[in-house]
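**Q** To be precise about what I am sending: the file is called coords34.tsv and holds TSV, C-alpha atoms and all ligand atoms.
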chain	number	residue	atom	x	y	z
A	1	MET	CA	28.47	-16.12	-31.78
A	2	LYS	CA	26.44	-19.08	-30.57
A	3	ASN	CA	25.20	-22.15	-32.39
A	4	LEU	CA	28.07	-22.36	-34.81
A	5	PRO	CA	27.70	-25.39	-37.01
A	6	LEU	CA	29.78	-28.35	-35.93
A	7	LEU	CA	31.04	-29.94	-39.08
A	8	SER	CA	32.80	-32.88	-37.64
A	9	ARG	CA	33.78	-34.39	-34.32
A	10	LYS	CA	37.23	-35.23	-35.59
A	11	THR	CA	40.13	-32.97	-34.69
A	12	THR	CA	41.09	-32.44	-38.29
A	13	ASN	CA	39.90	-29.31	-40.01
A	14	PRO	CA	37.76	-29.02	-43.08
A	15	PRO	CA	39.70	-28.50	-46.29
A	16	GLY	CA	41.13	-24.99	-46.64
A	17	LEU	CA	41.66	-24.50	-42.93
A	18	PRO	CA	45.01	-24.94	-41.19
A	19	ASP	CA	45.99	-27.71	-38.81
A	20	LEU	CA	44.81	-27.08	-35.27
A	21	ARG	CA	47.72	-28.54	-33.38
A	22	ASP	CA	49.44	-25.17	-33.40
A	23	LYS	CA	48.03	-21.69	-33.01
A	24	VAL	CA	49.39	-20.70	-36.38
A	25	GLU	CA	48.62	-17.55	-38.24
A	26	THR	CA	47.85	-18.10	-41.90
A	27	THR	CA	46.87	-15.95	-44.84
A	28	PRO	CA	44.35	-17.93	-46.88
A	29	ASP	CA	43.46	-16.42	-50.27
A	30	TRP	CA	39.70	-16.43	-49.55
A	31	LEU	CA	40.30	-14.32	-46.42
A	32	VAL	CA	42.78	-11.87	-47.97
A	33	ALA	CA	40.29	-11.39	-50.80
A	34	ILE	CA	37.87	-9.96	-48.22
A	35	HIS	CA	40.53	-7.63	-46.76
A	36	PRO	CA	44.32	-7.78	-47.33
A	37	ALA	CA	45.05	-7.09	-43.64
A	38	LEU	CA	43.10	-10.15	-42.41
A	39	ARG	CA	44.91	-13.16	-40.97
A	40	LEU	CA	43.44	-16.42	-39.77
A	41	VAL	CA	44.31	-17.99	-36.44
A	42	MET	CA	42.73	-21.32	-35.56
A	43	ASN	CA	42.79	-21.73	-31.81
A	44	LYS	CA	41.68	-24.85	-29.96
A	45	ARG	CA	40.84	-22.77	-26.90
A	46	ALA	CA	38.82	-20.12	-28.71
A	47	ARG	CA	35.14	-20.39	-27.85
A	48	ARG	CA	33.78	-18.15	-30.57
A	49	VAL	CA	34.81	-16.41	-33.73
A	50	ALA	CA	36.36	-13.03	-33.02
A	51	LEU	CA	38.35	-10.30	-34.68
A	52	ARG	CA	41.45	-8.94	-32.96
A	53	LEU	CA	43.24	-5.81	-34.09
A	54	ASP	CA	47.05	-5.86	-33.93
A	55	PRO	CA	47.88	-2.14	-34.15
A	56	ASP	CA	51.60	-2.82	-34.18
A	57	ARG	CA	51.55	-5.01	-37.29
A	58	ARG	CA	48.50	-3.27	-38.73
A	59	ILE	CA	46.65	-6.53	-39.21
A	60	VAL	CA	43.37	-7.98	-37.95
A	61	ARG	CA	43.33	-11.59	-36.81
A	62	LEU	CA	40.24	-13.67	-37.31
A	63	VAL	CA	40.45	-16.03	-34.37
A	64	ALA	CA	38.38	-19.16	-34.80
A	65	PRO	CA	37.61	-22.20	-32.64
A	66	PRO	CA	38.02	-25.73	-33.98
A	67	ARG	CA	35.58	-27.39	-36.35
A	68	ILE	CA	34.20	-24.36	-38.01
A	69	SER	CA	33.45	-24.15	-41.70
A	70	GLN	CA	35.23	-21.89	-44.08
A	71	LYS	CA	31.85	-20.61	-45.23
A	72	THR	CA	30.96	-19.47	-41.69
A	73	LEU	CA	34.29	-17.71	-41.30
A	74	GLN	CA	33.92	-16.14	-44.71
A	75	ASN	CA	30.47	-14.79	-43.84
A	76	PHE	CA	31.72	-13.51	-40.50
A	77	ALA	CA	34.64	-11.69	-42.10
A	78	LEU	CA	32.40	-10.27	-44.83
A	79	SER	CA	29.83	-8.98	-42.38
A	80	HIS	CA	32.59	-7.30	-40.34
A	81	HIS	CA	34.44	-5.81	-43.30
A	82	GLY	CA	33.35	-2.30	-42.27
A	83	TRP	CA	34.67	-2.81	-38.74
A	84	VAL	CA	38.05	-4.01	-40.05
A	85	ALA	CA	38.40	-1.07	-42.45
A	86	GLU	CA	37.35	1.42	-39.80
A	87	LYS	CA	39.78	0.11	-37.16
A	88	LEU	CA	42.68	0.10	-39.60
A	89	SER	CA	42.00	3.57	-40.93
A	90	ALA	CA	41.88	4.90	-37.36
A	91	LEU	CA	45.48	3.73	-36.81
A	92	PRO	CA	48.15	6.41	-37.10
A	93	VAL	CA	49.76	6.64	-40.52
A	94	PRO	CA	53.14	4.88	-40.37
A	95	VAL	CA	56.22	7.06	-40.52
A	96	PRO	CA	58.97	4.81	-41.89
A	97	TYR	CA	62.58	6.00	-41.75
A	98	HIS	CA	63.54	7.13	-45.23
A	99	ASP	CA	65.96	9.64	-46.65
A	100	ARG	CA	64.44	13.10	-45.99
A	101	THR	CA	61.86	11.80	-43.48
A	102	GLN	CA	61.01	14.50	-40.95
A	103	LEU	CA	60.59	13.58	-37.31
A	104	PRO	CA	59.60	15.65	-34.29
A	105	LEU	CA	62.46	14.99	-31.89
A	106	CYS	CA	61.90	16.44	-28.42
A	107	GLY	CA	60.02	19.39	-29.82
A	108	ARG	CA	62.17	20.18	-32.85
A	109	ASP	CA	61.74	19.04	-36.44
A	110	ILE	CA	64.67	17.00	-37.56
A	111	THR	CA	65.40	15.49	-40.99
A	112	LEU	CA	66.92	12.11	-41.73
A	113	HIS	CA	69.69	11.92	-44.32
A	114	ILE	CA	70.41	8.37	-45.37
A	115	ASN	CA	73.49	7.62	-47.41
A	116	LEU	CA	73.32	4.01	-48.61
A	117	ASP	CA	76.72	2.62	-49.54
A	118	LYS	CA	77.03	-1.13	-49.90
A	119	THR	CA	80.82	-0.98	-49.55
A	120	LEU	CA	80.57	0.27	-45.97
A	121	LYS	CA	81.39	-2.17	-43.19
A	122	ARG	CA	79.33	-0.51	-40.48
A	123	THR	CA	76.52	1.98	-39.91
A	124	ASN	CA	77.24	5.42	-38.57
A	125	ILE	CA	74.60	7.72	-37.13
A	126	SER	CA	75.17	11.26	-35.98
A	127	LEU	CA	72.87	14.07	-34.90
A	128	LYS	CA	73.95	17.57	-35.86
A	129	ASN	CA	71.59	20.43	-35.07
A	130	ASN	CA	68.33	19.49	-36.82
A	131	ASP	CA	69.71	16.72	-39.01
A	132	ILE	CA	70.49	13.09	-38.46
A	133	PHE	CA	73.11	11.68	-40.83
A	134	ILE	CA	73.10	7.96	-41.41
A	135	SER	CA	75.72	6.28	-43.54
A	136	THR	CA	74.98	2.62	-43.91
A	137	TYR	CA	75.25	-0.55	-45.98
A	138	MET	CA	71.78	-1.66	-44.75
A	139	ASP	CA	68.65	-1.32	-46.90
A	140	ASP	CA	66.48	-0.91	-43.81
A	141	VAL	CA	67.89	1.16	-40.97
A	142	THR	CA	64.77	0.94	-38.78
A	143	GLY	CA	66.23	-1.31	-36.08
A	144	ARG	CA	69.56	0.51	-36.02
A	145	LEU	CA	67.95	3.95	-35.87
A	146	ASN	CA	65.52	2.86	-33.17
A	147	ARG	CA	68.52	1.78	-31.06
A	148	PHE	CA	70.04	5.22	-31.61
A	149	PHE	CA	66.79	6.89	-30.52
A	150	LYS	CA	66.56	4.62	-27.49
A	151	ARG	CA	69.99	5.78	-26.30
A	152	TYR	CA	69.06	9.37	-27.08
A	153	ALA	CA	65.84	8.98	-25.06
A	154	LEU	CA	67.69	7.65	-22.03
A	155	GLU	CA	70.16	10.55	-22.12
A	156	HIS	CA	67.33	13.04	-22.51
A	157	PHE	CA	64.92	11.60	-19.92
A	158	THR	CA	67.46	10.95	-17.14
A	159	PRO	CA	68.17	14.57	-16.11
A	160	LEU	CA	64.49	15.52	-16.46
A	161	ALA	CA	63.38	12.68	-14.19
A	162	GLN	CA	66.25	13.21	-11.70
A	163	ASP	CA	65.39	16.90	-11.44
A	164	LYS	CA	61.73	16.17	-10.64
A	165	ALA	CA	62.70	13.51	-8.09
A	166	THR	CA	65.09	15.94	-6.39
A	167	ARG	CA	62.26	18.47	-6.09
A	168	ILE	CA	60.32	16.00	-3.94
A	169	SER	CA	63.40	14.60	-2.17
A	170	ARG	CA	63.01	11.13	-3.63
A	171	ALA	CA	65.53	8.92	-5.38
A	172	ILE	CA	65.11	7.10	-8.65
A	173	THR	CA	66.97	3.83	-8.21
A	174	GLY	CA	67.05	3.09	-11.92
A	175	LEU	CA	65.73	4.51	-15.16
A	176	GLN	CA	65.10	2.34	-18.18
A	177	VAL	CA	63.70	3.01	-21.62
A	178	LYS	CA	61.74	0.32	-23.44
A	179	ASP	CA	59.60	-0.16	-26.52
A	180	THR	CA	56.34	-0.53	-24.65
A	181	LYS	CA	53.10	-0.87	-26.57
A	182	THR	CA	50.41	-0.15	-24.04
A	183	ARG	CA	51.99	1.84	-21.21
A	184	TRP	CA	54.09	4.94	-21.67
A	185	GLY	CA	55.72	4.57	-18.31
A	186	SER	CA	55.78	2.66	-15.06
A	187	CYS	CA	57.19	3.07	-11.59
A	188	GLY	CA	58.04	0.18	-9.27
A	189	HIS	CA	57.89	0.06	-5.47
A	190	ASP	CA	61.68	-0.15	-5.52
A	191	GLY	CA	61.94	3.28	-7.16
A	192	ARG	CA	62.72	2.04	-10.65
A	193	ILE	CA	61.15	4.00	-13.48
A	194	CYS	CA	60.57	2.71	-16.97
A	195	LEU	CA	59.62	4.96	-19.88
A	196	SER	CA	58.78	4.38	-23.53
A	197	TRP	CA	61.64	5.71	-25.68
A	198	ARG	CA	59.01	6.83	-28.22
A	199	LEU	CA	58.12	9.73	-25.94
A	200	ILE	CA	60.95	11.61	-27.67
A	201	PHE	CA	58.49	12.05	-30.58
A	202	ALA	CA	55.80	13.59	-28.36
A	203	PRO	CA	55.52	17.35	-27.79
A	204	PRO	CA	57.68	18.42	-24.82
A	205	ALA	CA	54.63	19.06	-22.59
A	206	ALA	CA	53.38	15.51	-23.16
A	207	MET	CA	56.80	13.92	-22.59
A	208	ASP	CA	57.25	16.02	-19.47
A	209	TYR	CA	53.82	15.00	-18.18
A	210	VAL	CA	54.59	11.27	-18.47
A	211	ILE	CA	57.89	11.72	-16.63
A	212	ALA	CA	56.16	13.79	-13.92
A	213	HIS	CA	53.49	11.09	-13.67
A	214	GLU	CA	56.02	8.33	-12.99
A	215	VAL	CA	58.08	10.46	-10.60
A	216	ALA	CA	54.91	11.35	-8.66
A	217	HIS	CA	54.39	7.59	-8.18
A	218	LEU	CA	57.59	7.59	-6.07
A	219	VAL	CA	55.38	9.25	-3.42
A	220	HIS	CA	51.87	7.97	-4.20
A	221	MET	CA	51.57	4.48	-5.69
A	222	ASP	CA	47.97	5.13	-6.68
A	223	HIS	CA	45.92	7.58	-8.73
A	224	SER	CA	44.42	9.39	-5.75
A	225	PRO	CA	43.69	13.15	-5.74
A	226	TYR	CA	47.00	13.57	-3.80
A	227	PHE	CA	48.82	11.83	-6.63
A	228	TRP	CA	47.22	14.00	-9.32
A	229	ALA	CA	47.96	17.18	-7.38
A	230	LEU	CA	51.63	16.22	-7.11
A	231	CYS	CA	51.76	15.14	-10.74
A	232	ALA	CA	50.32	18.51	-11.83
A	233	ASP	CA	52.83	20.26	-9.59
A	234	LEU	CA	55.75	18.36	-11.15
A	235	SER	CA	54.54	18.93	-14.73
A	236	ASP	CA	55.49	21.90	-16.90
A	237	ASP	CA	52.04	21.99	-18.49
A	238	PHE	CA	49.92	19.28	-16.90
A	239	SER	CA	46.62	19.68	-18.74
A	240	THR	CA	48.17	20.09	-22.21
A	241	GLY	CA	50.47	17.12	-21.68
A	242	LYS	CA	47.81	14.83	-20.23
A	243	LYS	CA	45.32	15.69	-22.95
A	244	TRP	CA	47.87	15.13	-25.71
A	245	MET	CA	48.79	11.69	-24.39
A	246	LYS	CA	45.14	10.73	-24.08
A	247	HIS	CA	44.17	11.76	-27.59
A	248	HIS	CA	47.38	11.32	-29.58
A	249	GLY	CA	49.58	9.01	-27.53
A	250	HIS	CA	48.91	6.06	-29.86
A	251	SER	CA	50.42	8.02	-32.76
A	252	LEU	CA	53.87	7.54	-31.21
A	253	LEU	CA	53.78	3.90	-32.27
A	254	ALA	CA	53.76	4.93	-35.94
A	255	TYR	CA	57.40	6.00	-35.98
A	256	GLY	CA	59.82	3.56	-37.46
A	257	CYS	CA	57.07	1.28	-38.76
A	258	SER	CA	58.50	-0.42	-41.80
A	259	ASP	CA	56.80	0.10	-45.16
A	260	ASP	CA	55.85	-3.51	-45.19
A	261	PHE	CA	53.06	-2.93	-42.67
A	262	SER	CA	51.61	0.01	-44.52
A	263	THR	CA	51.42	-1.78	-47.85
A	264	ARG	CA	49.83	-4.83	-46.30
A	265	ALA	CA	47.15	-2.76	-44.61
A	266	ALA	CA	46.44	-0.70	-47.74
A	301	ZN	ZN	50.04	6.06	-12.98
Represent the structure of the file as structure tokens.
**A**
Amino acid sequence: MKNLPLLSRKTTNPPGLPDLRDKVETTPDWLVAIHPALRLVMNKRARRVALRLDPDRRIVRLVAPPRISQKTLQNFALSHHGWVAEKLSALPVPVPYHDRTQLPLCGRDITLHINLDKTLKRTNISLKNNDIFISTYMDDVTGRLNRFFKRYALEHFTPLAQDKATRISRAITGLQVKDTKTRWGSCGHDGRICLSWRLIFAPPAAMDYVIAHEVAHLVHMDHSPYFWALCADLSDDFSTGKKWMKHHGHSLLAYGCSDDFSTRAA
């Protein structure tokens, strides 16, 4: 957007807009009235008004440069209402951890059983067959359960990755699981592999493909035809796995989203 009206040369903002000294995120009523998932961020370094989707928090930030009128921002947000709604509705539906929530865990459907007991001193989580039993004093077990899944992921991924590395006579110097947002895996020059723990919620072929992909990087640190040939060779079902990650990979971020995000984006 060019030629935005300059209201004042002073560094203070017009009434209704936050102080510019910090890059704070605010929720002004006039903006939330346009869409409840909108947040305002005034940024001294921003050169134009822009909308930025935060898929993790299921919000859209209206980033604005200094000295811009509320009316201009209001009009901008109004004229992009369709874009905001479309982007948010394209996000995967959150799957918060509740009693009886079903989750696809490494290819099998498992059910959560949450027993809330305020007299308990600690939280206990155990996986038995296709059920996960959680006895807890906590109202929200998201963080605790994610830690459990992270450990589970590491135990599950390690032998799979080691086996593939052995097949090509390479060594994995370290395997880590993380809560990555944009990359499902990475492989360093030093032989360290990092994987998103959320891959445990992907179909086995997709999970296997990502592991094969990172292990193949132990030989080829590029995406050359040699790399892809090796990756396909190391995968159980290369094309199914690759396609699933491309089209549905983002849905893995929906697991363990707290209800808070879904209600705010509604
Ligand atoms: Zn790669």
**Q** Could you give me, as an NGL selection string, the residues within 8 Å of Leu31 in chain A, counting all atoms listed in the file and dropping anything in the same chain fewer than 4 positions from it?
**A** :A and (27 or 35-36 or 38-40 or 74 or 77)
**Q** Take CA of Leu218 in chain A and CA of Pro203 in chain A and report the distance between them in Å, one decimal.
**A**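 If I compute the distance from CA of Leu218 in chain A to CA of Pro203 in chain A, I get 23.9 Å.
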**Q** Under the rule that all atoms listed in the file are counted, which of A:Arg147, A:His248, A:His156, A:Arg47 is the nearest residue to Thr123 in chain A?
**A** A:Arg147
**Q** With the cut-off set at 12 Å and counting only C-alpha atoms and all ligand atoms, tabulate each residue of chain A with an atom at most that distance from an atom of ligand ZN 301 (chain A), showing the nearest atom pair and its distance in Å to one decimal, ordered by chain and increasing number, as a Markdown table.
**A**
| residue | atom | partner | partner_atom | distance |
| --- | --- | --- | --- | --- |
| A:Arg183 | CA | A:ZN301 | ZN | 9.5 |
| A:Trp184 | CA | A:ZN301 | ZN | 9.7 |
| A:Gly185 | CA | A:ZN301 | ZN | 7.9 |
| A:Ser186 | CA | A:ZN301 | ZN | 7.0 |
| A:Cys187 | CA | A:ZN301 | ZN | 7.9 |
| A:Gly188 | CA | A:ZN301 | ZN | 10.6 |
| A:Ile193 | CA | A:ZN301 | ZN | 11.3 |
| A:Cys194 | CA | A:ZN301 | ZN | 11.7 |
| A:Leu195 | CA | A:ZN301 | ZN | 11.9 |
| A:Tyr209 | CA | A:ZN301 | ZN | 11.0 |
| A:Val210 | CA | A:ZN301 | ZN | 8.8 |
| A:Ile211 | CA | A:ZN301 | ZN | 10.3 |
| A:Ala212 | CA | A:ZN301 | ZN | 9.9 |
| A:His213 | CA | A:ZN301 | ZN | 6.1 |
| A:Glu214 | CA | A:ZN301 | ZN | 6.4 |
| A:Val215 | CA | A:ZN301 | ZN | 9.5 |
| A:Ala216 | CA | A:ZN301 | ZN | 8.4 |
| A:His217 | CA | A:ZN301 | ZN | 6.7 |
| A:Leu218 | CA | A:ZN301 | ZN | 10.3 |
| A:Val219 | CA | A:ZN301 | ZN | 11.4 |
| A:His220 | CA | A:ZN301 | ZN | 9.2 |
| A:Met221 | CA | A:ZN301 | ZN | 7.6 |
| A:Asp222 | CA | A:ZN301 | ZN | 6.7 |
| A:His223 | CA | A:ZN301 | ZN | 6.1 |
| A:Ser224 | CA | A:ZN301 | ZN | 9.7 |
| A:Pro225 | CA | A:ZN301 | ZN | 12.0 |
| A:Phe227 | CA | A:ZN301 | ZN | 8.7 |
| A:Trp228 | CA | A:ZN301 | ZN | 9.2 |
| A:Leu230 | CA | A:ZN301 | ZN | 11.8 |
| A:Cys231 | CA | A:ZN301 | ZN | 9.5 |
| A:Lys242 | CA | A:ZN301 | ZN | 11.6 |
**Q** For Glu86 in chain A, which residue among A:Arg122, A:Leu53, A:Tyr226, A:Lys44 is the nearest when counting only C-alpha atoms?
**A**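 Residue with the minimum atom-to-atom distance to Glu86 in chain A: A:Leu53.
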**Q** Residues near Asn130 in chain A, anyone? I mean within 8 Å using only C-alpha atoms, not counting same-chain ones fewer than 5 positions away, as a list in words.
**A** Arg108, Asp109, Ile110 and Thr111 of chain A
**Q** Between CA of Val41 in chain A and CA of Pro65 in chain A, what is the distance in Å, rounded to a tenth?
**A**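 One can read the CA of Val41 in chain A to CA of Pro65 in chain A distance as 8.8 Å.
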**Q** How many Å separate CA of Val141 in chain A from CA of Tyr255 in chain A?
**A**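 About the pair CA of Val141 in chain A and CA of Tyr255 in chain A: they are 12.6 Å apart.
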**Q** Point out the residue among A:Ile114, A:Met207, A:Pro66, A:Pro104 with the least atom-to-atom distance to Ser126 in chain A, counting only C-alpha atoms.
**A**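 Residue with the minimum atom-to-atom distance to Ser126 in chain A: A:Ile114.
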**Q** List the residues sitting within 12 Å of (47.9, 0.2, -24.7) in the file's frame, using only C-alpha atoms, as a list in words.
**A**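 Every polymer residue passing the test: Asp54, Pro55, Asp56, Asp179, Thr180, Lys181, Thr182, Arg183, Trp184, Gly185, Ser196, Met245, Lys246, Gly249, His250, Ser251, Leu252 and Leu253 of chain A.
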**Q** Between A:His189, A:Arg100, A:His80, A:Arg144, which residue has the minimum interatomic distance to Thr173 in chain A, considering all atoms listed in the file?
**A** A:His189
**Q** When distances are computed from only C-alpha atoms, which of A:Leu120, A:Leu88, A:Leu175, A:Ala254 shows the smallest separation from Phe201 in chain A?
**A**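 Among the listed residues, A:Ala254 lies closest to Phe201 in chain A.
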**Q** Take the point (29.7, -14.1, -32.5) as written in the file and pick out every residue within 12 Å of it, counting all atoms listed in the file; give the list as a list in words.
**A** Met1, Lys2, Asn3, Leu4, Ala46, Arg47, Arg48, Val49, Ala50, Leu51, Leu62, Val63, Ala64, Pro65, Thr72, Leu73, Asn75, Phe76, Ala77, Ser79 and His80 of chain A
**Q** Once you have the residues from the selection above, write them out as a compact mmCIF listing (two decimals), in the frame of the given file, restricted to C-alpha atoms.
**A**
# COMPACT_ATOMS: atom_id res chain seq x y z
CA MET A 1 28.47 -16.12 -31.78
CA LYS A 2 26.44 -19.08 -30.57
CA ASN A 3 25.20 -22.15 -32.39
CA LEU A 4 28.07 -22.36 -34.81
CA ALA A 46 38.82 -20.12 -28.71
CA ARG A 47 35.14 -20.39 -27.85
CA ARG A 48 33.78 -18.15 -30.57
CA VAL A 49 34.81 -16.41 -33.73
CA ALA A 50 36.36 -13.03 -33.02
CA LEU A 51 38.35 -10.30 -34.68
CA LEU A 62 40.24 -13.67 -37.31
CA VAL A 63 40.45 -16.03 -34.37
CA ALA A 64 38.38 -19.16 -34.80
CA PRO A 65 37.61 -22.20 -32.64
CA THR A 72 30.96 -19.47 -41.69
CA LEU A 73 34.29 -17.71 -41.30
CA ASN A 75 30.47 -14.79 -43.84
CA PHE A 76 31.72 -13.51 -40.50
CA ALA A 77 34.64 -11.69 -42.10
CA SER A 79 29.83 -8.98 -42.38
CA HIS A 80 32.59 -7.30 -40.34
**Q** Since the input is missing atoms, can you rebuild N, CA and C atoms for range 242-259 of chain A and write them as a PDB file, in the coordinates of the input?
**A**
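part28.pdb, freshly written:
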ATOM      1  N   LYS A 242      48.700  15.965 -20.505  1.00  0.00           N
ATOM      2  CA  LYS A 242      47.810  14.830 -20.230  1.00  0.00           C
ATOM      3  C   LYS A 242      46.823  14.632 -21.374  1.00  0.00           C
ATOM      4  N   LYS A 243      46.283  15.764 -21.846  1.00  0.00           N
ATOM      5  CA  LYS A 243      45.320  15.690 -22.950  1.00  0.00           C
ATOM      6  C   LYS A 243      45.977  15.138 -24.207  1.00  0.00           C
ATOM      7  N   TRP A 244      47.193  15.591 -24.494  1.00  0.00           N
ATOM      8  CA  TRP A 244      47.870  15.130 -25.710  1.00  0.00           C
ATOM      9  C   TRP A 244      48.086  13.618 -25.665  1.00  0.00           C
ATOM     10  N   MET A 245      48.540  13.129 -24.509  1.00  0.00           N
ATOM     11  CA  MET A 245      48.790  11.690 -24.390  1.00  0.00           C
ATOM     12  C   MET A 245      47.495  10.898 -24.549  1.00  0.00           C
ATOM     13  N   LYS A 246      46.419  11.439 -24.005  1.00  0.00           N
ATOM     14  CA  LYS A 246      45.140  10.730 -24.080  1.00  0.00           C
ATOM     15  C   LYS A 246      44.646  10.635 -25.528  1.00  0.00           C
ATOM     16  N   HIS A 247      44.742  11.731 -26.247  1.00  0.00           N
ATOM     17  CA  HIS A 247      44.170  11.760 -27.590  1.00  0.00           C
ATOM     18  C   HIS A 247      45.139  11.359 -28.705  1.00  0.00           C
ATOM     19  N   HIS A 248      46.421  11.572 -28.496  1.00  0.00           N
ATOM     20  CA  HIS A 248      47.380  11.320 -29.580  1.00  0.00           C
ATOM     21  C   HIS A 248      48.496  10.349 -29.223  1.00  0.00           C
ATOM     22  N   GLY A 249      48.503   9.895 -27.978  1.00  0.00           N
ATOM     23  CA  GLY A 249      49.580   9.010 -27.530  1.00  0.00           C
ATOM     24  C   GLY A 249      49.840   7.842 -28.477  1.00  0.00           C
ATOM     25  N   HIS A 250      48.761   7.232 -28.991  1.00  0.00           N
ATOM     26  CA  HIS A 250      48.910   6.060 -29.860  1.00  0.00           C
ATOM     27  C   HIS A 250      49.700   6.378 -31.134  1.00  0.00           C
ATOM     28  N   SER A 251      49.718   7.664 -31.529  1.00  0.00           N
ATOM     29  CA  SER A 251      50.420   8.020 -32.760  1.00  0.00           C
ATOM     30  C   SER A 251      51.929   7.821 -32.643  1.00  0.00           C
ATOM     31  N   LEU A 252      52.429   7.728 -31.417  1.00  0.00           N
ATOM     32  CA  LEU A 252      53.870   7.540 -31.210  1.00  0.00           C
ATOM     33  C   LEU A 252      54.341   6.186 -31.734  1.00  0.00           C
ATOM     34  N   LEU A 253      53.404   5.235 -31.808  1.00  0.00           N
ATOM     35  CA  LEU A 253      53.780   3.900 -32.270  1.00  0.00           C
ATOM     36  C   LEU A 253      54.020   3.855 -33.776  1.00  0.00           C
ATOM     37  N   ALA A 254      53.644   4.924 -34.479  1.00  0.00           N
ATOM     38  CA  ALA A 254      53.760   4.930 -35.940  1.00  0.00           C
ATOM     39  C   ALA A 254      55.201   5.128 -36.413  1.00  0.00           C
ATOM     40  N   TYR A 255      56.045   5.705 -35.540  1.00  0.00           N
ATOM     41  CA  TYR A 255      57.400   6.000 -35.980  1.00  0.00           C
ATOM     42  C   TYR A 255      58.237   4.739 -36.118  1.00  0.00           C
ATOM     43  N   GLY A 256      58.939   4.697 -37.243  1.00  0.00           N
ATOM     44  CA  GLY A 256      59.820   3.560 -37.460  1.00  0.00           C
ATOM     45  C   GLY A 256      59.092   2.294 -37.864  1.00  0.00           C
ATOM     46  N   CYS A 257      57.811   2.423 -38.223  1.00  0.00           N
ATOM     47  CA  CYS A 257      57.070   1.280 -38.760  1.00  0.00           C
ATOM     48  C   CYS A 257      57.645   1.029 -40.150  1.00  0.00           C
ATOM     49  N   SER A 258      57.955  -0.207 -40.463  1.00  0.00           N
ATOM     50  CA  SER A 258      58.500  -0.420 -41.800  1.00  0.00           C
ATOM     51  C   SER A 258      57.391  -0.335 -42.836  1.00  0.00           C
ATOM     52  N   ASP A 259      57.767  -0.065 -44.069  1.00  0.00           N
ATOM     53  CA  ASP A 259      56.800   0.100 -45.160  1.00  0.00           C
ATOM     54  C   ASP A 259      55.922  -1.121 -45.343  1.00  0.00           C
TER      55      ASP A 259
END
